[in-house]
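Data file: structure.cif. Format and content: mmCIF, C-alpha atoms.
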data_work
#
loop_
_atom_site.label_atom_id
_atom_site.label_comp_id
_atom_site.auth_asym_id
_atom_site.auth_seq_id
_atom_site.Cartn_x
_atom_site.Cartn_y
_atom_site.Cartn_z
CA MET A 1483 -16.18 -35.27 9.26
CA ALA A 1484 -15.59 -31.59 8.51
CA GLU A 1485 -16.70 -29.40 11.40
CA LEU A 1486 -17.36 -25.81 10.45
CA ASP A 1487 -17.25 -23.04 13.01
CA GLU A 1488 -20.77 -21.58 13.20
CA ILE A 1489 -19.43 -18.25 14.50
CA ILE A 1490 -17.00 -17.83 11.60
CA HIS A 1491 -19.19 -19.44 8.96
CA GLN A 1492 -21.55 -16.44 8.65
CA PRO A 1493 -20.47 -14.67 5.40
CA LEU A 1494 -19.57 -11.25 6.84
CA ARG A 1495 -17.83 -12.74 9.87
CA LEU A 1496 -15.91 -15.02 7.50
CA ARG A 1497 -14.74 -11.96 5.56
CA ILE A 1498 -13.81 -10.15 8.79
CA MET A 1499 -11.74 -13.10 10.00
CA ALA A 1500 -10.18 -13.53 6.54
CA ALA A 1501 -9.07 -9.90 6.55
CA LEU A 1502 -7.65 -10.09 10.08
CA ASN A 1503 -5.88 -13.36 9.36
CA ALA A 1504 -4.29 -11.91 6.23
CA LEU A 1505 -2.08 -9.95 8.62
CA PRO A 1506 0.70 -11.83 10.43
CA ALA A 1507 0.27 -12.66 14.12
CA GLY A 1508 1.52 -9.74 16.18
CA ALA A 1509 0.35 -7.09 13.71
CA LEU A 1510 -1.74 -4.24 15.12
CA GLY A 1511 -4.98 -5.31 13.46
CA LEU A 1512 -7.26 -3.35 11.18
CA GLU A 1513 -9.10 -0.12 11.80
CA PHE A 1514 -12.89 -0.22 11.67
CA ALA A 1515 -13.02 2.05 8.61
CA ARG A 1516 -10.55 -0.12 6.74
CA LEU A 1517 -12.41 -3.32 7.66
CA LYS A 1518 -15.63 -1.74 6.46
CA LYS A 1519 -14.09 -0.98 3.09
CA LEU A 1520 -12.49 -4.41 2.75
CA THR A 1521 -15.65 -6.34 3.66
CA GLY A 1522 -18.19 -4.05 1.99
CA ALA A 1523 -20.27 -3.92 5.19
CA THR A 1524 -22.35 -1.09 6.66
CA ASP A 1525 -21.37 0.50 9.98
CA GLY A 1526 -24.10 -1.15 12.03
CA ASN A 1527 -23.73 -4.56 10.43
CA LEU A 1528 -19.97 -4.60 10.82
CA GLY A 1529 -20.16 -3.44 14.44
CA ALA A 1530 -22.66 -6.14 15.37
CA HIS A 1531 -20.61 -8.95 13.81
CA ILE A 1532 -17.38 -7.71 15.36
CA GLU A 1533 -19.12 -7.80 18.77
CA THR A 1534 -20.19 -11.39 18.11
CA LEU A 1535 -16.61 -12.35 17.26
CA ALA A 1536 -15.34 -10.54 20.37
CA ARG A 1537 -17.82 -12.38 22.61
CA ALA A 1538 -16.53 -15.65 21.16
CA GLY A 1539 -12.98 -14.56 22.03
CA TYR A 1540 -11.91 -14.50 18.38
CA VAL A 1541 -11.06 -10.79 18.18
CA THR A 1542 -10.19 -7.94 20.50
CA ILE A 1543 -11.55 -4.42 20.05
CA ASP A 1544 -9.37 -1.47 21.01
CA LYS A 1545 -10.84 2.02 21.10
CA ALA A 1546 -8.48 4.97 21.15
CA PHE A 1547 -8.29 8.57 20.04
CA VAL A 1548 -6.03 9.71 17.21
CA GLY A 1549 -5.98 13.40 17.95
CA LYS A 1550 -9.64 14.14 18.53
CA LYS A 1551 -10.87 11.40 16.25
CA PRO A 1552 -12.00 8.07 17.79
CA GLN A 1553 -10.43 5.04 16.20
CA THR A 1554 -11.47 1.43 16.70
CA THR A 1555 -8.93 -1.29 15.91
CA VAL A 1556 -9.91 -4.94 15.60
CA THR A 1557 -7.26 -7.64 16.07
CA ALA A 1558 -7.57 -11.41 15.76
CA THR A 1559 -6.69 -13.30 18.95
CA ALA A 1560 -4.67 -16.50 19.01
CA THR A 1561 -7.96 -18.34 19.68
CA GLY A 1562 -9.51 -16.64 16.68
CA ARG A 1563 -6.59 -17.47 14.43
CA GLY A 1564 -6.76 -21.09 15.49
CA ALA A 1565 -10.51 -21.26 14.93
CA PHE A 1566 -10.15 -19.64 11.50
CA ALA A 1567 -7.38 -22.05 10.48
CA ARG A 1568 -9.55 -25.01 11.51
CA HIS A 1569 -12.53 -23.57 9.66
CA VAL A 1570 -10.44 -23.18 6.48
CA ALA A 1571 -9.15 -26.74 6.88
CA SER A 1572 -12.75 -27.98 7.18
CA LEU A 1573 -13.74 -26.14 4.00
CA GLN A 1574 -10.82 -27.74 2.19
CA GLU A 1575 -11.83 -31.14 3.60
CA ILE A 1576 -15.33 -30.72 2.18
CA ILE A 1577 -13.90 -29.97 -1.27
CA ALA A 1578 -11.43 -32.85 -1.06
CA GLY A 1579 -14.22 -35.20 0.06
CA ALA A 1580 -16.38 -34.26 -2.90
CA GLY A 1581 -13.53 -35.07 -5.25
CA LYS A 1582 -13.39 -38.69 -4.12
CA MET B 675 -15.34 -23.40 19.77
CA SER B 676 -18.81 -23.52 18.25
CA LYS B 677 -19.10 -26.25 15.70
CA MET B 678 -21.74 -27.19 13.21
CA ASP B 679 -22.33 -30.13 10.91
CA ALA B 680 -20.94 -29.79 7.42
CA ARG B 681 -24.22 -28.78 5.84
CA ILE B 682 -22.60 -27.09 2.94
CA ASP B 683 -21.63 -28.68 -0.32
CA ALA B 684 -18.28 -28.52 -2.12
CA LYS B 685 -19.44 -25.64 -4.30
CA GLN B 686 -20.34 -23.53 -1.27
CA ALA B 687 -17.05 -24.47 0.40
CA ALA B 688 -15.13 -23.45 -2.72
CA SER B 689 -17.02 -20.16 -2.83
CA ALA B 690 -16.11 -19.46 0.81
CA LEU B 691 -12.44 -20.21 0.16
CA SER B 692 -12.50 -17.98 -2.90
CA ASP B 693 -13.97 -15.19 -0.76
CA ILE B 694 -11.20 -15.68 1.78
CA ALA B 695 -8.49 -15.55 -0.90
CA SER B 696 -10.02 -12.42 -2.43
CA ILE B 697 -10.08 -10.62 0.93
CA ALA B 698 -6.49 -11.64 1.65
CA ARG B 699 -5.43 -10.18 -1.72
CA ARG B 700 -7.27 -6.95 -0.98
CA VAL B 701 -5.63 -6.65 2.45
CA ARG B 702 -2.22 -7.08 0.90
CA GLN B 703 -2.96 -4.61 -1.88
CA SER B 704 -4.34 -2.03 0.54
CA THR B 705 -1.25 -2.40 2.74
CA ILE B 706 0.98 -1.79 -0.29
CA TYR B 707 -1.16 1.18 -1.34
CA ARG B 708 -0.98 2.67 2.16
CA LEU B 709 2.80 2.47 2.21
CA ALA B 710 3.06 3.78 -1.35
CA SER B 711 0.69 6.67 -0.64
CA MET B 712 2.81 7.84 2.30
CA MET B 713 5.96 7.58 0.17
CA LEU B 714 4.38 9.52 -2.69
CA VAL B 715 3.22 12.32 -0.40
CA LEU B 716 6.66 12.49 1.24
CA TRP B 717 8.63 12.55 -2.02
CA GLY B 718 6.07 14.83 -3.65
CA GLY B 719 6.53 17.30 -0.83
CA VAL B 720 10.33 17.28 -0.80
CA SER B 721 10.49 17.34 -4.63
CA CYS B 722 8.13 20.31 -4.76
CA VAL B 723 10.31 22.20 -2.29
CA GLY B 724 13.46 21.14 -4.16
CA TYR B 725 12.21 22.38 -7.56
CA LEU B 726 10.89 25.64 -6.08
CA LEU B 727 14.21 26.36 -4.38
CA THR B 728 16.07 25.46 -7.60
CA TYR B 729 13.86 27.87 -9.55
CA LEU B 730 14.37 30.64 -6.98
CA SER B 731 18.10 30.03 -6.44
CA PRO B 732 19.74 28.06 -9.28
CA PRO B 733 23.32 28.43 -7.96
CA THR B 734 22.44 26.49 -4.78
CA ALA B 735 20.66 23.67 -6.64
CA TYR B 736 23.42 21.15 -5.87
CA TYR B 737 23.02 21.62 -2.09
CA THR B 738 19.24 21.83 -2.37
CA TRP B 739 18.99 18.41 -3.95
CA ILE B 740 21.45 16.83 -1.51
CA ALA B 741 19.19 18.06 1.31
CA VAL B 742 16.10 16.82 -0.58
CA TYR B 743 17.52 13.32 -0.88
CA ILE B 744 18.65 13.23 2.76
CA VAL B 745 15.20 14.24 3.98
CA GLY B 746 13.47 11.94 1.50
CA ILE B 747 15.53 8.88 2.32
CA GLY B 748 15.33 9.53 6.06
CA GLY B 749 11.59 9.98 5.88
CA SER B 750 11.23 6.81 3.80
CA ILE B 751 13.09 4.78 6.42
CA VAL B 752 10.78 6.14 9.14
CA ILE B 753 7.67 5.32 7.09
CA VAL B 754 8.80 1.76 6.34
CA THR B 755 9.66 1.19 10.01
CA ILE B 756 6.29 2.46 11.25
CA GLN B 757 4.41 0.49 8.59
CA ARG B 758 6.23 -2.70 9.56
CA ARG B 759 5.36 -2.21 13.23
CA GLN B 760 1.70 -1.63 12.44
CA SER B 761 1.07 -4.31 9.85
CA GLY B 762 3.74 -6.86 10.71
CA ILE B 763 4.38 -7.18 6.99
CA ARG B 764 7.94 -6.65 5.89
CA MET B 765 7.77 -4.73 2.62
CA LEU B 766 11.47 -4.25 2.06
CA ASP B 767 13.62 -7.32 2.44
CA LEU B 768 17.28 -7.76 1.43
CA ARG B 769 16.35 -8.66 -2.15
CA MET B 770 14.16 -5.59 -2.60
CA SER B 771 16.70 -3.29 -0.98
CA THR B 772 19.38 -4.68 -3.32
CA ALA B 773 17.09 -4.19 -6.31
CA ALA B 774 16.50 -0.57 -5.26
CA ALA B 775 20.25 0.05 -4.86
CA LEU B 776 20.95 -1.46 -8.30
CA PHE B 777 18.16 0.61 -9.84
CA ILE B 778 19.69 3.82 -8.47
CA ALA B 779 23.22 2.75 -9.47
CA PHE B 780 22.09 2.14 -13.08
CA GLY B 781 20.47 5.55 -13.08
CA LEU B 782 23.69 7.18 -11.92
CA PHE B 783 25.74 5.36 -14.58
CA THR B 784 23.25 6.47 -17.23
CA CYS B 785 23.59 10.09 -16.13
CA LEU B 786 27.39 9.87 -16.20
CA LEU B 787 27.56 8.16 -19.60
CA GLY B 788 25.00 10.53 -21.08
CA HIS B 789 26.78 13.65 -19.80
CA PHE B 790 23.41 14.99 -18.67
CA GLY B 791 23.08 18.68 -17.99
CA PRO B 792 20.86 20.11 -15.20
CA ARG B 793 17.69 20.09 -17.29
CA GLU B 794 18.30 16.53 -18.47
CA LEU B 795 18.97 15.40 -14.91
CA SER B 796 15.77 17.05 -13.69
CA THR B 797 13.88 15.23 -16.45
CA PHE B 798 15.61 11.86 -16.33
CA TRP B 799 15.27 11.06 -12.63
CA PRO B 800 11.49 11.64 -12.30
CA ILE B 801 10.86 9.63 -15.48
CA TYR B 802 13.22 6.89 -14.31
CA PHE B 803 11.41 6.56 -10.96
CA MET B 804 8.05 6.68 -12.72
CA LEU B 805 9.23 3.73 -14.86
CA ALA B 806 9.70 1.79 -11.62
CA TYR B 807 6.21 2.82 -10.48
CA VAL B 808 4.64 1.68 -13.73
CA LEU B 809 6.46 -1.67 -13.64
CA VAL B 810 5.41 -2.26 -10.00
CA GLY B 811 1.89 -1.28 -10.97
CA LEU B 812 1.69 -4.10 -13.51
CA TRP B 813 1.63 -6.46 -10.52
CA THR B 814 0.17 -4.43 -7.67
CA GLY B 815 -2.50 -2.19 -9.14
CA LEU B 816 -3.68 0.26 -11.73
CA ALA B 817 -3.10 3.33 -9.54
CA PHE B 818 0.68 2.96 -9.87
CA VAL B 819 0.45 2.71 -13.66
CA VAL B 820 -1.79 5.77 -13.99
CA ILE B 821 0.31 7.91 -11.66
CA GLY B 822 3.58 6.81 -13.26
CA LEU B 823 2.53 7.39 -16.86
CA SER B 824 0.83 10.70 -16.10
CA ILE B 825 3.80 12.24 -14.33
CA ALA B 826 6.24 10.91 -16.94
CA ALA B 827 4.18 12.40 -19.76
CA LEU B 828 3.87 15.79 -18.04
CA THR B 829 7.60 15.78 -17.30
CA LEU B 830 8.42 15.23 -20.98
CA ILE B 831 6.00 18.00 -21.97
CA GLY B 832 7.86 20.28 -19.58
CA TYR B 833 11.27 19.30 -20.93
CA PHE B 834 10.36 20.01 -24.55
CA PHE B 835 7.93 22.91 -24.33
CA VAL B 836 8.13 24.87 -21.07
CA GLY B 837 11.43 26.72 -21.48
CA ASP B 838 12.78 28.67 -18.52
CA TRP B 839 9.76 27.80 -16.37
CA PHE B 840 10.85 24.18 -16.22
CA ASP B 841 11.71 23.99 -12.50
CA LEU B 842 8.47 25.72 -11.58
CA TRP B 843 6.60 23.36 -13.90
CA MET B 844 8.26 20.38 -12.24
CA ALA B 845 7.44 21.65 -8.74
CA PHE B 846 3.75 21.42 -9.60
CA VAL B 847 3.79 18.53 -12.06
CA ASN B 848 6.21 16.22 -10.30
CA GLY B 849 5.84 17.38 -6.69
CA GLY B 850 2.16 18.15 -6.87
CA GLY B 851 1.47 15.11 -9.02
CA LEU B 852 3.10 12.78 -6.53
CA ILE B 853 1.18 14.33 -3.61
CA LEU B 854 -2.15 14.08 -5.44
CA GLY B 855 -1.33 10.54 -6.51
CA GLY B 856 -0.52 9.61 -2.93
CA LEU B 857 -3.78 11.09 -1.64
CA TRP B 858 -5.71 9.25 -4.37
CA MET B 859 -4.10 5.94 -3.41
CA ARG B 860 -4.97 6.59 0.23
CA ARG B 861 -8.65 6.54 -0.74
CA ASP B 862 -8.16 3.09 -2.22
#

Once more with this new file: its structure as structure tokens, please.
Amino acid sequence: MAELDEIIHQPLRLRIMAALNALPAGALGLEFARLKKLTGATDGNLGAHIETLARAGYVTIDKAFVGKKPQTTVTATATGRGAFARHVASLQEIIAGAGK
Amino acid sequence: MSKMDARIDAKQAASALSDIASIARRVRQSTIYRLASMMLVLWGGVSCVGYLLTYLSPPTAYYTWIAVYIVGIGGSIVIVTIQRRQSGIRMLDLRMSTAAALFIAFGLFTCLLGHFGPRELSTFWPIYFMLAYVLVGLWTGLAFVVIGLSIAALTLIGYFFVGDWFDLWMAFVNGGGLILGGLWMRRD
């Protein structure tokens, strides 16, 4: 039976994980501003969902300064990539099951 | 891992997968746009300087443009290297590098066969590179097409109508156009 990940299944968190997983493993991740644009989220909403993913161990959050400007970079962890891959496989299983 | 029962139907699952695919496409496009915007700003800057120096000192144009290409190519290699480290995506593989080399070689042969003078050379190369931009844009995004066609059109206007001000025209049209195009793509 397909088992969906309840952390990832939320629509905005799904989009966040999709964006992070579009980059190869080992890439530096996506800046907060870029993630916001890609997912269409507001600042507060995006921040809250990123924190949820970080608490689950699916992403890491790195805060640094580029000159005087603070920059937050979000990167998918190996755990997060695995969870996302399983979630996608479950979605595909649901579709395949409906076709039978 | 937190799991839940599959309480979604196939339609909802398909919608989620479609969302995932759409985001992945946007990430890839934005990565290409980021790289392209840095390249446009770089080449816009060096071209602008090259045309201004050519306008101010025509006899040294040959050396000016050698320096322009050295700085431009060197800067491009740095940009591609940094981009690859940050995104992990390899934008230029052996096939693309070979395609770029062939593209430039065909351009050189065309210039030789056509016996182009300085004005023709200054017109041909920007239009030739803008052709590449437009062709790439047919697959990667509208911004490339708009930038490519706009600069090509303005270059042709300069060639036919601007007279002795041509190099100055090109400094702003080609150099400035590439910089503005690069900054516009950065917003995307």

Can you spell out as a short mmCIF file (atom, residue, chain, number, x, y, z; two decimals) with C-alpha atoms, keeping the file's coordinate frame the set of residues that the PyMOL selection byres ((chain B and resi 794) around 12) selects in the structure I just provided?
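Just written: result.cif:
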data_model
loop_
_atom_site.label_atom_id
_atom_site.label_comp_id
_atom_site.auth_asym_id
_atom_site.auth_seq_id
_atom_site.Cartn_x
_atom_site.Cartn_y
_atom_site.Cartn_z
CA THR B 784 23.25 6.47 -17.23
CA CYS B 785 23.59 10.09 -16.13
CA LEU B 786 27.39 9.87 -16.20
CA GLY B 788 25.00 10.53 -21.08
CA HIS B 789 26.78 13.65 -19.80
CA PHE B 790 23.41 14.99 -18.67
CA GLY B 791 23.08 18.68 -17.99
CA PRO B 792 20.86 20.11 -15.20
CA ARG B 793 17.69 20.09 -17.29
CA LEU B 795 18.97 15.40 -14.91
CA SER B 796 15.77 17.05 -13.69
CA THR B 797 13.88 15.23 -16.45
CA PHE B 798 15.61 11.86 -16.33
CA TRP B 799 15.27 11.06 -12.63
CA PRO B 800 11.49 11.64 -12.30
CA ILE B 801 10.86 9.63 -15.48
CA TYR B 802 13.22 6.89 -14.31
CA THR B 829 7.60 15.78 -17.30
CA LEU B 830 8.42 15.23 -20.98
CA GLY B 832 7.86 20.28 -19.58
CA TYR B 833 11.27 19.30 -20.93
CA PHE B 834 10.36 20.01 -24.55
CA PHE B 840 10.85 24.18 -16.22
CA ASP B 841 11.71 23.99 -12.50
#

### Message
Evaluated on this file, the PyMOL selection byres ((chain B and resi 709-724) around 8) picks out some residues - which ones are they, written as a PyMOL selection string?
### Response
chain B and resi 705-708+725-728+738-739+742+745-746+749-750+753-754+757+844-846+848-860

### Query
Quick one: which residues end up in the PyMOL selection byres ((chain A and resi 1490-1495) around 9) for this structure, as a list in words?
Leu1486, Asp1487, Glu1488, Ile1489, Leu1496, Arg1497, Ile1498, Met1499, Ala1500, Thr1521, Gly1522, Ala1523, Asn1527, Leu1528, His1531, Ile1532, Thr1534, Leu1535, Ala1565, Phe1566 and His1569 of chain A; Ser676, Ala690 and Asp693 of chain B

### Message
Neighbouring residues of Ala1546 in chain A were defined as those with any atom within 12 Å, considering only C-alpha atoms; residues of the same chain fewer than 5 positions away were excluded. Please report them as a ChimeraX atom specification.
### Response
/A:1513-1514,1551-1556

### Task
Report as a PyMOL selection string the set of chain A residues whose atoms approach chain B to within 6 Å, with distances computed over only C-alpha atoms.
chain A and resi 1484-1488+1500-1501+1504+1506+1509-1510+1573+1576-1577

### Message
Could you check the closest approach to Gly1562 in chain A for each of A:Ala1580, A:Glu1575, A:Gly1539, A:Lys1550 and tell me which residue wins, using all atoms listed in the file?
### Response
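Checking each of A:Ala1580, A:Glu1575, A:Gly1539, A:Lys1550 against Gly1562 in chain A, counting all atoms listed in the file, the winner is A:Gly1539.
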
### Query
Just how far from CA of Ala1567 in chain A is CA of Tyr1540 in chain A, in Å to one decimal?
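Interatomic distance, CA of Tyr1540 in chain A to CA of Ala1567 in chain A: 11.8 Å.
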
### Message
Using Å and a single decimal, report how far CA of Tyr807 in chain B sits from CA of Gly822 in chain B.
### Response
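So the two atoms, CA of Gly822 in chain B and CA of Tyr807 in chain B, lie 5.5 Å apart.
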
### Task
One decimal, Å: what's the distance from CA of Ala806 in chain B over to CA of Leu842 in chain B, could you say?
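Interatomic distance, CA of Ala806 in chain B to CA of Leu842 in chain B: 24.0 Å.
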
Give the centre and edge lengths of an axis-aligned box, in Å to one decimal, that holds all listed atoms of range 796-807 of chain B with 4 Å on each side, as lines of an AutoDock Vina configuration file.
center_x = 11.0
center_y = 9.4
center_z = -13.5
size_x = 17.6
size_y = 23.3
size_z = 14.0

### Message
Show me, as a list in words, the residues that have an atom within 12 Å of Leu809 in chain B when counting all atoms listed in the file, minus same-chain residues fewer than 6 positions from it.
### Response
Tyr802, Phe803, Gly815, Leu816, Ala817, Phe818, Val819, Val820, Ile821, Gly822 and Leu823 of chain B

#### Entry: Closest of A:Thr1561, A:Ala1507, A:Ser1572, A:Leu1517 to Val1541 in chain A - atom-to-atom distances counting only C-alpha atoms
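For Val1541 in chain A, the nearest of the given residues is A:Thr1561.
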